[in-house]
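Contents: one structure, followed by commentary.
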Amino acid sequence: MGRVNGDVQENVLVDLIKKSGGCAVLDGGFSTQLEIHGACINDPLWSALCLIKAPDLVKRVHLEYLEAGADVLVTSSYQATIPGFLSRGLSLDEAESLLTKSVKLAVEARDKFWSSGKRKSGHNYNRALVAASIGSYGAYLADGSEYSGNYGTNITLEKLKDFHRRRLQVLVEAGPDLLAFETMPNKLEAQACVELLDEENVSIPSWFCFSTVDGVNVSSGESFEECLDRTAKAIVVYPNSGETWDGTAKTWQPSKCVHDEFELLATTWRDAGAKLIGGCCRTTPSTIRSISRVLKDT
């Protein structure tokens, strides 16, 4: 759950929200769908591994979410970081090229879908926007700390800026419509990214999404009120299925899932003021199809 930065009066995202009747639909779990198609991504790069090994599959998953009714595609760069790629033996140029590719694949999928005949008659499709995903520092660590916010005492505001800066520059240069800062687990990292946007003079509309432990507090234990300015900015909601990620075992642990409740919850979130609704880990095109159907039919 989070808020969208940018001029709330006029930008491409506001226009999309208006065209969508006041609430646009995001896509769903990317890694989940990759695994359904047989991708093995039990790797520190996670879904970003497919940028190297299976770019056509990345585009296929984007197309599946568009067919399901997504108005926004989120790129496969959540866990794609320059240090992560360098640790795999790639060069700096190769690492930056893969970040660029994550945006290009989503744009190509969007343009292909929009120009094709795959759009179902009677369905209210919009020409989707592409949001470049920027995962948290904890996502790069791949130790589950994006769900705790516990980065240790040595991680400072400036160190977090240094970590995010070049990736942000490369993704912006690739030409996405939006930026998605995802699973921010604490106020410090969100502050670092907000300051980076100012320092780099980035004008692309951006959203900041926080993981929550109880609907009131973010993963670090700080309250949403501490982490978010109480402004008129748009609210984005795209939860996991309800299962719990075990960062040590690298597996999802069973818990109460909300797959069958998304239709009801989507209208509840919309009526409470959410302007963008979708799904995250363990949700699928089926989930997004249900959300799209209920939001665009009511």
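Naming works like this for the structure tokens: A, B, ... for the chains as they're shown, residue 1 at the start of each chain, ligands 1 onward in shown order.
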Contacts of Ile82 in chain A at 7 Å (only C-alpha atoms; same-chain gap of 4+ positions) as an MDAnalysis selection string
chainID A and resid 86 95:96 167
Write out as an MDAnalysis selection string which residues come within 10 Å of Lys187 in chain A when counting only C-alpha atoms, dropping same-chain ones fewer than 6 positions away.
chainID A and resid 149 210 218:224 226:228
Mind checking which residues fall within 8 Å of Cys280 in chain A, counting only C-alpha atoms, ignoring those fewer than 2 positions away in the same chain, and posting them as a VMD selection string?
chain A and resid 27 to 30 238 to 241 278 282 to 283
Can you measure CA of Pro205 in chain A to CA of Leu178 in chain A for me? One decimal in Å is fine.
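So the answer is 5.2 Å.
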Filtered DSSP result for range 70-260 of chain A, state alpha helix (DSSP H), as a PyMOL selection string
chain A and resi 82-86+92-115+137-141+157-173+187-199+224-227
Enumerate as a ChimeraX atom specification all residues of range 13-253 of chain A assigned to strand (DSSP E) by DSSP on the backbone, naming them with the chain letters and numbers the document uses.
/A:24-25,72-74,129-135,178-184,206-210,235-237,244-246,251-253
Leaving out Gln169 in chain A and any residue of its chain fewer than 6 positions from it, which residues lie within 10 Å of it when counting only C-alpha atoms, given as a ChimeraX atom specification?
/A:96,196-197,200,202
Dump of N, CA and C atoms for the selected residues, as an mmCIF file, in the first residue's frame:
```
data_model
loop_
_atom_site.group_PDB
_atom_site.id
_atom_site.type_symbol
_atom_site.label_atom_id
_atom_site.label_comp_id
_atom_site.auth_asym_id
_atom_site.auth_seq_id
_atom_site.Cartn_x
_atom_site.Cartn_y
_atom_site.Cartn_z
ATOM 1 N N GLU A 96 23.535 -2.545 -16.965
ATOM 2 C CA GLU A 96 22.678 -1.407 -17.310
ATOM 3 C C GLU A 96 21.784 -1.742 -18.505
ATOM 4 N N LEU A 196 16.260 11.464 -3.846
ATOM 5 C CA LEU A 196 16.921 11.146 -5.115
ATOM 6 C C LEU A 196 16.133 11.693 -6.306
ATOM 7 N N LEU A 197 14.822 11.558 -6.264
ATOM 8 C CA LEU A 197 13.997 12.081 -7.353
ATOM 9 C C LEU A 197 14.226 13.577 -7.523
ATOM 10 N N GLU A 200 17.919 14.211 -8.852
ATOM 11 C CA GLU A 200 18.091 13.820 -10.248
ATOM 12 C C GLU A 200 17.109 14.516 -11.183
ATOM 13 N N VAL A 202 13.925 14.205 -11.571
ATOM 14 C CA VAL A 202 13.024 13.252 -12.230
ATOM 15 C C VAL A 202 11.595 13.786 -12.165
#
```
From the list A:Ile155, A:Val294, A:Ile17, A:Cys281, the nearest residue to Ser31 in chain A using only C-alpha atoms is A:Cys281
Just how far from CA of Gly135 in chain A is CA of Glu261 in chain A, in Å to one decimal?
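Interatomic distance, CA of Glu261 in chain A to CA of Gly135 in chain A: 26.6 Å.
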With a distance cut-off of 8 Å and only C-alpha atoms, select the neighbouring residues of Leu160 in chain A, excluding the residue or stretch itself and same-chain residues fewer than 3 positions from it, and output the selection as a PyMOL selection string.
chain A and resi 137+155-157+163-164+189+192-193
If you keep N, CA, C and O atoms, can you produce a file of those selected residues as a PDB file, in the first residue's frame?
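Everything below was put into part.pdb:
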```
ATOM      1  N   TYR A 137      16.180  -1.945  -0.986  1.00  0.00           N
ATOM      2  CA  TYR A 137      17.518  -2.459  -0.692  1.00  0.00           C
ATOM      3  C   TYR A 137      17.422  -3.885  -0.156  1.00  0.00           C
ATOM      4  O   TYR A 137      18.232  -4.750  -0.500  1.00  0.00           O
ATOM      5  N   ILE A 155      23.563   1.189   7.743  1.00  0.00           N
ATOM      6  CA  ILE A 155      22.885   1.689   6.544  1.00  0.00           C
ATOM      7  C   ILE A 155      22.318   3.074   6.829  1.00  0.00           C
ATOM      8  O   ILE A 155      21.454   3.235   7.689  1.00  0.00           O
ATOM      9  N   THR A 156      22.830   4.049   6.112  1.00  0.00           N
ATOM     10  CA  THR A 156      22.435   5.444   6.307  1.00  0.00           C
ATOM     11  C   THR A 156      21.627   5.947   5.118  1.00  0.00           C
ATOM     12  O   THR A 156      21.525   5.275   4.079  1.00  0.00           O
ATOM     13  N   LEU A 157      21.094   7.132   5.243  1.00  0.00           N
ATOM     14  CA  LEU A 157      20.354   7.769   4.160  1.00  0.00           C
ATOM     15  C   LEU A 157      21.225   7.875   2.911  1.00  0.00           C
ATOM     16  O   LEU A 157      20.789   7.547   1.800  1.00  0.00           O
ATOM     17  N   PHE A 163      23.018   3.433  -3.296  1.00  0.00           N
ATOM     18  CA  PHE A 163      22.564   2.137  -3.812  1.00  0.00           C
ATOM     19  C   PHE A 163      21.562   2.317  -4.948  1.00  0.00           C
ATOM     20  O   PHE A 163      21.620   1.617  -5.962  1.00  0.00           O
ATOM     21  N   HIS A 164      20.633   3.241  -4.801  1.00  0.00           N
ATOM     22  CA  HIS A 164      19.540   3.385  -5.770  1.00  0.00           C
ATOM     23  C   HIS A 164      19.873   4.298  -6.957  1.00  0.00           C
ATOM     24  O   HIS A 164      19.217   4.198  -8.003  1.00  0.00           O
ATOM     25  N   GLU A 189      14.370   4.565   3.895  1.00  0.00           N
ATOM     26  CA  GLU A 189      14.586   4.261   2.484  1.00  0.00           C
ATOM     27  C   GLU A 189      13.648   5.066   1.595  1.00  0.00           C
ATOM     28  O   GLU A 189      14.048   5.531   0.517  1.00  0.00           O
ATOM     29  N   ALA A 192      15.117   8.446   1.289  1.00  0.00           N
ATOM     30  CA  ALA A 192      16.266   8.437   0.394  1.00  0.00           C
ATOM     31  C   ALA A 192      15.815   8.505  -1.065  1.00  0.00           C
ATOM     32  O   ALA A 192      16.381   9.254  -1.879  1.00  0.00           O
ATOM     33  N   CYS A 193      14.790   7.746  -1.407  1.00  0.00           N
ATOM     34  CA  CYS A 193      14.316   7.703  -2.792  1.00  0.00           C
ATOM     35  C   CYS A 193      13.612   8.993  -3.187  1.00  0.00           C
ATOM     36  O   CYS A 193      13.768   9.475  -4.321  1.00  0.00           O
TER      37      CYS A 193
END
```
